[in-house]
>>> print(open('protein_17.txt').read())   # compact mmCIF, C-alpha atoms and all ligand atoms
# COMPACT_ATOMS: atom_id res chain seq x y z
CA MET O 1 15.24 -12.82 4.70
CA PRO O 2 14.75 -16.58 4.92
CA GLY O 3 12.52 -18.14 2.27
CA TRP O 4 12.48 -15.01 0.12
CA THR O 5 14.28 -14.43 -3.17
CA VAL O 6 15.40 -10.80 -3.13
CA ILE O 7 16.80 -9.27 -6.32
CA HIS O 8 18.49 -5.97 -5.51
CA VAL O 9 19.33 -3.60 -8.37
CA VAL O 10 20.94 -0.19 -8.18
CA GLU O 11 19.00 1.33 -11.05
CA THR O 12 16.00 0.29 -13.12
CA GLY O 13 12.96 1.69 -14.89
CA SER O 14 10.29 0.20 -12.65
CA THR O 15 10.57 -2.75 -10.24
CA ASN O 16 6.96 -3.62 -11.08
CA ASP O 17 7.88 -3.99 -14.77
CA ASP O 18 10.99 -6.04 -13.93
CA LEU O 19 9.12 -8.46 -11.70
CA PHE O 20 6.25 -8.70 -14.17
CA ALA O 21 8.70 -9.68 -16.92
CA LEU O 22 10.25 -12.36 -14.69
CA ALA O 23 6.88 -13.69 -13.51
CA THR O 24 5.35 -13.96 -16.99
CA ARG O 25 8.24 -16.14 -18.14
CA GLN O 26 7.94 -18.25 -14.98
CA ALA O 27 11.32 -16.98 -13.69
CA ALA O 28 9.85 -15.68 -10.43
CA ARG O 29 7.43 -17.24 -8.00
CA ASP O 30 5.74 -16.66 -4.65
CA ARG O 31 7.96 -14.63 -2.25
CA THR O 32 10.18 -13.05 -4.90
CA VAL O 33 11.08 -9.37 -4.49
CA VAL O 34 12.76 -6.85 -6.78
CA VAL O 35 14.10 -3.84 -4.90
CA ALA O 36 15.83 -0.84 -6.50
CA ASP O 37 17.85 2.04 -5.14
CA HIS O 38 16.47 4.20 -7.94
CA GLN O 39 13.76 3.98 -10.60
CA SER O 40 13.83 6.12 -13.72
CA ALA O 41 10.22 5.33 -14.66
CA GLY O 42 8.51 4.47 -11.37
CA ARG O 43 4.77 4.03 -11.77
CA GLY O 44 2.09 5.34 -9.44
CA ARG O 45 -1.66 4.79 -9.44
CA LEU O 46 -3.87 6.41 -12.06
CA ASP O 47 -0.98 6.66 -14.54
CA ARG O 48 0.96 8.99 -12.27
CA ARG O 49 4.74 8.80 -11.82
CA TRP O 50 6.39 7.70 -8.60
CA ASP O 51 9.73 9.44 -8.13
CA ALA O 52 12.35 9.38 -5.38
CA PRO O 53 16.03 10.32 -5.23
CA ALA O 54 18.47 7.39 -5.35
CA GLY O 55 18.92 5.44 -2.12
CA LYS O 56 16.47 7.46 -0.04
CA ASN O 57 13.27 5.39 -0.07
CA LEU O 58 12.16 1.79 -0.23
CA LEU O 59 11.10 0.98 -3.80
CA CYS O 60 10.18 -2.65 -4.28
CA SER O 61 7.80 -5.11 -5.86
CA ILE O 62 6.69 -8.28 -4.12
CA LEU O 63 5.25 -11.32 -5.85
CA LEU O 64 2.72 -13.27 -3.80
CA ASP O 65 0.62 -16.25 -4.72
CA ALA O 66 -2.73 -14.96 -3.53
CA GLY O 67 -5.01 -17.70 -4.87
CA ASN O 68 -8.20 -16.08 -6.08
CA ARG O 69 -8.06 -13.17 -3.60
CA PRO O 70 -5.47 -10.69 -4.98
CA GLN O 71 -6.91 -7.82 -2.94
CA MET O 72 -6.06 -9.78 0.22
CA ALA O 73 -2.37 -9.70 -0.77
CA GLN O 74 -2.52 -5.91 -1.00
CA HIS O 75 -4.11 -5.62 2.43
CA ILE O 76 -1.46 -7.94 3.86
CA VAL O 77 1.40 -5.84 2.43
CA ALA O 78 -0.16 -2.57 3.64
CA LEU O 79 -0.79 -3.96 7.13
CA ALA O 80 2.71 -5.47 7.21
CA LEU O 81 4.19 -2.05 6.47
CA ILE O 82 2.28 -0.49 9.36
CA GLU O 83 3.74 -3.14 11.67
CA ALA O 84 7.23 -2.79 10.17
CA ALA O 85 7.20 1.01 10.62
CA GLN O 86 6.15 0.55 14.24
CA GLU O 87 8.95 -1.96 14.76
CA VAL O 88 11.70 0.04 13.02
CA ALA O 89 10.72 3.61 13.88
CA GLY O 90 8.10 3.40 16.63
CA VAL O 91 5.63 5.41 14.53
CA ASP O 92 1.88 4.89 14.29
CA LEU O 93 0.59 4.80 10.74
CA ALA O 94 -2.88 4.07 9.41
CA LEU O 95 -4.58 3.25 6.12
CA LYS O 96 -6.58 5.47 3.82
CA TRP O 97 -8.84 3.28 1.72
CA PRO O 98 -7.92 1.20 -0.09
CA ASN O 99 -4.23 0.79 0.75
CA ASP O 100 -2.47 4.14 1.12
CA VAL O 101 -0.30 4.12 4.23
CA VAL O 102 -0.72 7.49 5.92
CA ARG O 103 0.29 9.50 8.96
CA VAL O 104 -2.77 11.01 10.60
CA ALA O 105 -2.34 14.34 12.40
CA ASP O 106 -4.28 15.25 15.57
CA GLY O 107 -6.89 17.22 13.61
CA GLY O 108 -7.53 14.22 11.36
CA SER O 109 -5.63 15.48 8.30
CA TRP O 110 -3.41 12.86 6.71
CA SER O 111 -0.26 12.72 4.65
CA LYS O 112 0.83 9.75 2.57
CA ALA O 113 3.91 7.80 3.65
CA ALA O 114 3.62 4.93 1.18
CA GLY O 115 1.66 3.94 -1.88
CA MET O 116 0.95 0.65 -3.56
CA LEU O 117 0.37 -0.37 -7.15
CA SER O 118 -0.60 -3.96 -7.87
CA VAL O 119 -0.51 -5.98 -11.05
CA LEU O 120 -2.11 -9.36 -11.58
CA VAL O 121 -0.01 -12.05 -13.28
CA PRO O 122 -2.48 -14.72 -14.40
CA ASP O 123 -1.69 -18.22 -13.09
CA VAL O 124 1.24 -16.88 -11.04
CA GLY O 125 0.01 -14.39 -8.48
CA VAL O 126 -0.11 -10.71 -7.74
CA ILE O 127 2.75 -8.23 -7.80
CA VAL O 128 2.41 -5.63 -5.09
CA GLY O 129 4.63 -2.65 -5.86
CA ILE O 130 5.28 -0.46 -2.88
CA GLY O 131 7.04 2.87 -2.50
CA VAL O 132 7.82 3.90 1.08
CA ASN O 133 8.96 7.45 1.87
CA ILE O 134 11.87 7.27 4.29
CA GLY O 135 14.65 9.74 3.51
CA TRP O 136 12.57 11.83 1.13
CA ALA O 137 8.93 12.66 0.47
CA PRO O 138 7.26 14.73 -2.23
CA GLU O 139 5.58 17.96 -1.17
CA GLY O 140 2.65 17.18 1.09
CA GLY O 141 3.86 13.62 1.72
CA ALA O 142 5.10 12.10 4.99
CA ARG O 143 8.38 10.31 5.70
CA ILE O 144 8.91 7.47 8.12
CA VAL O 145 11.31 8.89 10.69
CA THR O 146 11.95 7.49 14.14
CA THR O 147 10.10 9.00 17.09
CA ASP O 148 13.40 10.63 18.13
CA GLY O 149 13.74 12.27 14.70
CA ARG O 150 16.23 9.96 12.95
CA ASP O 151 15.60 9.75 9.21
CA ASP O 152 18.48 7.41 8.38
CA ILE O 153 16.53 4.14 8.39
CA ALA O 154 18.07 1.97 5.67
CA PRO O 155 15.47 1.03 3.04
CA LEU O 156 16.72 -2.58 3.14
CA THR O 157 16.19 -2.71 6.91
CA MET O 158 12.60 -1.65 6.34
CA LEU O 159 12.28 -4.28 3.59
CA SER O 160 13.54 -7.03 5.87
CA LYS O 161 10.98 -6.15 8.58
CA LEU O 162 8.25 -5.80 5.95
CA LEU O 163 8.89 -9.29 4.61
CA SER O 164 8.85 -10.91 8.03
CA GLN O 165 5.59 -9.12 8.87
CA ILE O 166 4.12 -10.37 5.57
CA ASP O 167 5.05 -13.93 6.59
CA ARG O 168 3.38 -13.42 9.97
CA LEU O 169 0.14 -12.04 8.49
CA ARG O 170 -0.09 -14.55 5.68
CA ILE O 171 -0.80 -17.43 8.01
CA MET O 172 -3.97 -15.68 9.21
CA ASP O 173 -7.26 -16.49 7.47
CA ASP O 174 -9.08 -13.93 5.31
CA VAL O 175 -11.67 -13.10 7.99
CA ALA O 176 -8.96 -12.25 10.50
CA ILE O 177 -7.05 -10.19 7.91
CA ILE O 178 -10.14 -8.17 7.02
CA ASP O 179 -10.76 -7.53 10.73
CA VAL O 180 -7.22 -6.16 11.17
CA TYR O 181 -7.67 -4.18 7.95
CA ARG O 182 -10.89 -2.59 9.23
CA THR O 183 -9.15 -1.60 12.45
CA ALA O 184 -6.25 0.02 10.56
CA LEU O 185 -8.52 1.97 8.17
CA ASP O 186 -8.70 5.60 9.20
CA THR O 187 -11.28 6.15 6.44
CA ILE O 188 -14.14 4.45 8.29
CA GLY O 189 -16.38 7.00 10.01
CA ARG O 190 -15.04 9.90 7.94
CA ARG O 191 -16.86 12.11 5.46
CA VAL O 192 -15.36 11.27 2.09
CA ARG O 193 -15.35 12.15 -1.54
CA VAL O 194 -14.69 9.17 -3.79
CA GLU O 195 -13.44 9.81 -7.30
CA MET O 196 -14.16 6.92 -9.58
CA SER O 197 -13.42 6.19 -13.20
CA GLY O 198 -15.20 8.17 -15.91
CA ASP O 199 -15.43 11.37 -13.80
CA GLN O 200 -17.94 9.70 -11.47
CA MET O 201 -17.91 11.13 -7.97
CA LEU O 202 -19.61 10.25 -4.72
CA GLU O 203 -19.78 12.14 -1.41
CA GLY O 204 -20.96 10.76 1.88
CA ARG O 205 -19.80 9.03 5.03
CA ALA O 206 -17.63 5.91 4.86
CA ILE O 207 -19.43 3.49 7.15
CA GLY O 208 -17.44 0.31 6.64
CA VAL O 209 -15.84 -2.19 4.32
CA ASN O 210 -17.40 -5.49 3.31
CA ASP O 211 -15.59 -8.84 3.37
CA ASP O 212 -14.21 -8.16 -0.12
CA GLY O 213 -12.60 -4.95 1.10
CA GLU O 214 -15.05 -2.73 -0.81
CA LEU O 215 -15.86 0.61 0.80
CA ILE O 216 -19.44 1.28 1.87
CA VAL O 217 -20.41 4.94 1.59
CA LEU O 218 -23.68 6.38 2.91
CA GLU O 219 -24.89 9.49 1.09
CA ALA O 220 -26.76 12.28 2.92
CA CYS O 221 -29.95 11.09 1.18
CA ALA O 222 -29.46 7.74 3.01
CA MET O 223 -28.59 5.82 -0.14
CA SER O 224 -25.62 3.52 0.37
CA HIS O 225 -23.02 2.58 -2.26
CA THR O 226 -20.35 -0.08 -2.45
CA VAL O 227 -17.14 1.08 -4.09
CA GLY O 228 -14.52 -1.35 -5.41
CA VAL O 229 -12.10 1.06 -7.07
CA GLY O 230 -11.60 4.76 -6.52
CA ASP O 231 -9.54 7.52 -5.00
CA VAL O 232 -10.72 8.69 -1.59
CA ILE O 233 -10.38 12.18 -0.15
CA HIS O 234 -11.16 12.60 3.54
CA LEU O 235 -13.35 15.68 4.03
CA ARG O 236 -13.81 17.86 7.07
CA ASP O 237 -16.92 17.19 9.09
CA GLY O 238 -19.42 19.95 8.59
C1 LIG E 301 0.65 5.14 -5.67
O1 LIG E 301 0.49 5.94 -6.60
O2 LIG E 301 0.19 5.36 -4.55
C2 LIG E 301 1.38 3.85 -5.90
C3 LIG E 301 2.84 4.03 -5.92
C4 LIG E 301 3.61 2.72 -6.12
C5 LIG E 301 5.10 2.97 -6.29
C6 LIG E 301 5.91 1.72 -6.26
S1 LIG E 301 7.64 2.06 -6.15
C7 LIG E 301 8.02 0.39 -6.47
C8 LIG E 301 7.03 -0.12 -7.48
N1 LIG E 301 7.51 0.11 -8.83
C9 LIG E 301 6.79 1.00 -9.49
O3 LIG E 301 7.00 1.39 -10.66
N2 LIG E 301 5.77 1.43 -8.73
C10 LIG E 301 5.78 0.77 -7.43
>>> encode(input="protein_17.txt", output="structure tokens")
Amino acid sequence: MPGWTVIHVVETGSTNDDLFALATRQAARDRTVVVADHQSAGRGRLDRRWDAPAGKNLLCSILLDAGNRPQMAQHIVALALIEAAQEVAGVDLALKWPNDVVRVADGGSWSKAAGMLSVLVPDVGVIVGIGVNIGWAPEGGARIVTTDGRDDIAPLTMLSKLLSQIDRLRIMDDVAIIDVYRTALDTIGRRVRVEMSGDQMLEGRAIGVNDDGELIVLEACAMSHTVGVGDVIHLRDG
């Protein structure tokens, strides 16, 4: 993985915590990755846990210098994973806003194949932690298996493809990245429920994302909202 510093550990608490500790004492910089075979305290979004049996899935954290646009780094990693999964397994994945990588079934229902949790390190960059289900998925989740059914993709093979796709996408400007992001987002056009902090909830149709990656939701009463942070559920049309 030319140009990247990859720190591979067998066992740790959380790769996000490890990379954060390195970055805050200036011991890690742009294009540093911590990857673990197993995490004993893997973190998910909204204070959830992120668990996986040892050696089955890709569990890594990637430090990127994202200037003043940390959300762009997250889009780049999510889009890079879609490309990497296509390259390694031949599967088509999509995004559920903001950056969940999902498999979409014919009827439009989705299952999550990868999740991301990002942490800002002031003056250094953004750590994008990513968990990719390959050999194992929790109930209701999807795994990345090849189109001919093989589920023995090595997590480090996926990592290598992911990093080269990140390099490819990073040379594109923000406008081009947001265009690719919009195309990959399965959320646009769907009826959604958005759960926001403080028990706030919004239902309507997702009609687009703005240049900052915020989701635009149109309520039935024709009022539109711009959402920066939230959990989206795709609803059936009805
Ligand atoms: C989510 O809830 O969707 C985000 C999951 C992020 C999990 C990854 S696994 C590697 C990295 N280290 C962590 O502790 N969390 C992230």
>>> residues_near_ligand(input="protein_17.txt", ligand="ligand LIG 301 (chain E)", cutoff="9 Å", atoms="only C-alpha atoms and all ligand atoms", output="short mmCIF file (atom, residue, chain, number, x, y, z; two decimals) with C-alpha atoms, keeping the file's coordinate frame")
data_model
loop_
_atom_site.label_atom_id
_atom_site.label_comp_id
_atom_site.auth_asym_id
_atom_site.auth_seq_id
_atom_site.Cartn_x
_atom_site.Cartn_y
_atom_site.Cartn_z
CA GLY O 13 12.96 1.69 -14.89
CA SER O 14 10.29 0.20 -12.65
CA THR O 15 10.57 -2.75 -10.24
CA ASN O 16 6.96 -3.62 -11.08
CA ASP O 17 7.88 -3.99 -14.77
CA ASP O 18 10.99 -6.04 -13.93
CA VAL O 34 12.76 -6.85 -6.78
CA VAL O 35 14.10 -3.84 -4.90
CA ALA O 36 15.83 -0.84 -6.50
CA GLN O 39 13.76 3.98 -10.60
CA SER O 40 13.83 6.12 -13.72
CA ALA O 41 10.22 5.33 -14.66
CA GLY O 42 8.51 4.47 -11.37
CA ARG O 43 4.77 4.03 -11.77
CA GLY O 44 2.09 5.34 -9.44
CA ARG O 45 -1.66 4.79 -9.44
CA LEU O 46 -3.87 6.41 -12.06
CA ASP O 47 -0.98 6.66 -14.54
CA ARG O 48 0.96 8.99 -12.27
CA ARG O 49 4.74 8.80 -11.82
CA TRP O 50 6.39 7.70 -8.60
CA ASP O 51 9.73 9.44 -8.13
CA ALA O 52 12.35 9.38 -5.38
CA ASN O 57 13.27 5.39 -0.07
CA LEU O 58 12.16 1.79 -0.23
CA LEU O 59 11.10 0.98 -3.80
CA CYS O 60 10.18 -2.65 -4.28
CA SER O 61 7.80 -5.11 -5.86
CA ILE O 62 6.69 -8.28 -4.12
CA ASN O 99 -4.23 0.79 0.75
CA ASP O 100 -2.47 4.14 1.12
CA VAL O 101 -0.30 4.12 4.23
CA LYS O 112 0.83 9.75 2.57
CA ALA O 114 3.62 4.93 1.18
CA GLY O 115 1.66 3.94 -1.88
CA MET O 116 0.95 0.65 -3.56
CA LEU O 117 0.37 -0.37 -7.15
CA SER O 118 -0.60 -3.96 -7.87
CA VAL O 128 2.41 -5.63 -5.09
CA GLY O 129 4.63 -2.65 -5.86
CA ILE O 130 5.28 -0.46 -2.88
CA GLY O 131 7.04 2.87 -2.50
CA VAL O 132 7.82 3.90 1.08
#
>>> closest_residue(input="protein_17.txt", among="O:Val119, O:Ala78, O:Ala89, O:Leu95", to="Gly149 (chain O)", atoms="only C-alpha atoms")
O:Ala89
>>> residues_around(input="protein_17.txt", residues="Val104 (chain O)", least_positions_apart="5", cutoff="9 Å", atoms="all atoms listed in the file", output="list in words")
Asp92, Leu93, Ala94, Ser109, Trp110, Ser111, Lys112 and Asp186 of chain O
>>> closest_residue(input="protein_17.txt", among="O:Val33, O:Val145, O:Leu185, O:Val126", to="Pro98 (chain O)", atoms="all atoms listed in the file")
O:Leu185
>>> closest_residue(input="protein_17.txt", among="O:Pro155, O:Pro122, O:Gly228, O:Gly208", to="Ile178 (chain O)", atoms="all atoms listed in the file")
O:Gly208
>>> residues_around(input="protein_17.txt", residues="Arg190 (chain O)", least_positions_apart="6", cutoff="10 Å", atoms="all atoms listed in the file", output="PDB file with C-alpha atoms, keeping the file's coordinate frame")
ATOM      1  CA  GLY O 108      -7.530  14.220  11.360  1.00  0.00           C
ATOM      2  CA  GLY O 204     -20.960  10.760   1.880  1.00  0.00           C
ATOM      3  CA  ARG O 205     -19.800   9.030   5.030  1.00  0.00           C
ATOM      4  CA  ALA O 206     -17.630   5.910   4.860  1.00  0.00           C
ATOM      5  CA  ILE O 207     -19.430   3.490   7.150  1.00  0.00           C
ATOM      6  CA  GLY O 208     -17.440   0.310   6.640  1.00  0.00           C
ATOM      7  CA  VAL O 217     -20.410   4.940   1.590  1.00  0.00           C
ATOM      8  CA  ILE O 233     -10.380  12.180  -0.150  1.00  0.00           C
ATOM      9  CA  HIS O 234     -11.160  12.600   3.540  1.00  0.00           C
ATOM     10  CA  LEU O 235     -13.350  15.680   4.030  1.00  0.00           C
ATOM     11  CA  ARG O 236     -13.810  17.860   7.070  1.00  0.00           C
ATOM     12  CA  ASP O 237     -16.920  17.190   9.090  1.00  0.00           C
TER      13      ASP O 237
END
>>> atom_distance(input="protein_17.txt", atom1="CA of Arg143 (chain O)", atom2="CA of Asp65 (chain O)")
29.6 Å
>>> closest_residue(input="protein_17.txt", among="O:Ala84, O:Val227, O:Val175, O:Val9", to="Asp211 (chain O)", atoms="all atoms listed in the file")
O:Val175
>>> closest_residue(input="protein_17.txt", among="O:Arg31, O:Ser160, O:Arg25, O:Glu214", to="Asp123 (chain O)", atoms="all atoms listed in the file")
O:Arg25
>>> closest_residue(input="protein_17.txt", among="O:Val121, O:Leu79, O:Ala54, O:Ala113", to="Asp30 (chain O)", atoms="all atoms listed in the file")
O:Val121
>>> residues_near_point(input="protein_17.txt", point="(-14.4, 16.0, -2.3)", cutoff="9 Å", atoms="only C-alpha atoms", output="number ranges by chain")
O: 192-195, 201-203, 232-235
>>> residues_around(input="protein_17.txt", residues="Ile153 (chain O)", least_positions_apart="6", cutoff="9 Å", atoms="all atoms listed in the file", output="list in words")
Val88, Ala89, Ile134, Gly135, Ile144, Val145 and Thr146 of chain O
>>> atom_distance(input="protein_17.txt", atom1="CA of His225 (chain O)", atom2="CA of Arg182 (chain O)")
17.5 Å
>>> atom_distance(input="protein_17.txt", atom1="CA of Met196 (chain O)", atom2="CA of Val229 (chain O)")
6.7 Å
>>> closest_atom_pairs(input="protein_17.txt", of="region 107-202 of chain O", to="region 2-5 of chain O", cutoff="10 Å", atoms="all atoms listed in the file", output="CSV")
residue,atom,partner,partner_atom,distance
O:Ser160,CA,O:Pro2,CA,9.7
O:Leu163,CA,O:Trp4,CA,8.1
O:Ser164,CA,O:Pro2,CA,8.8
O:Asp167,CA,O:Gly3,CA,9.6
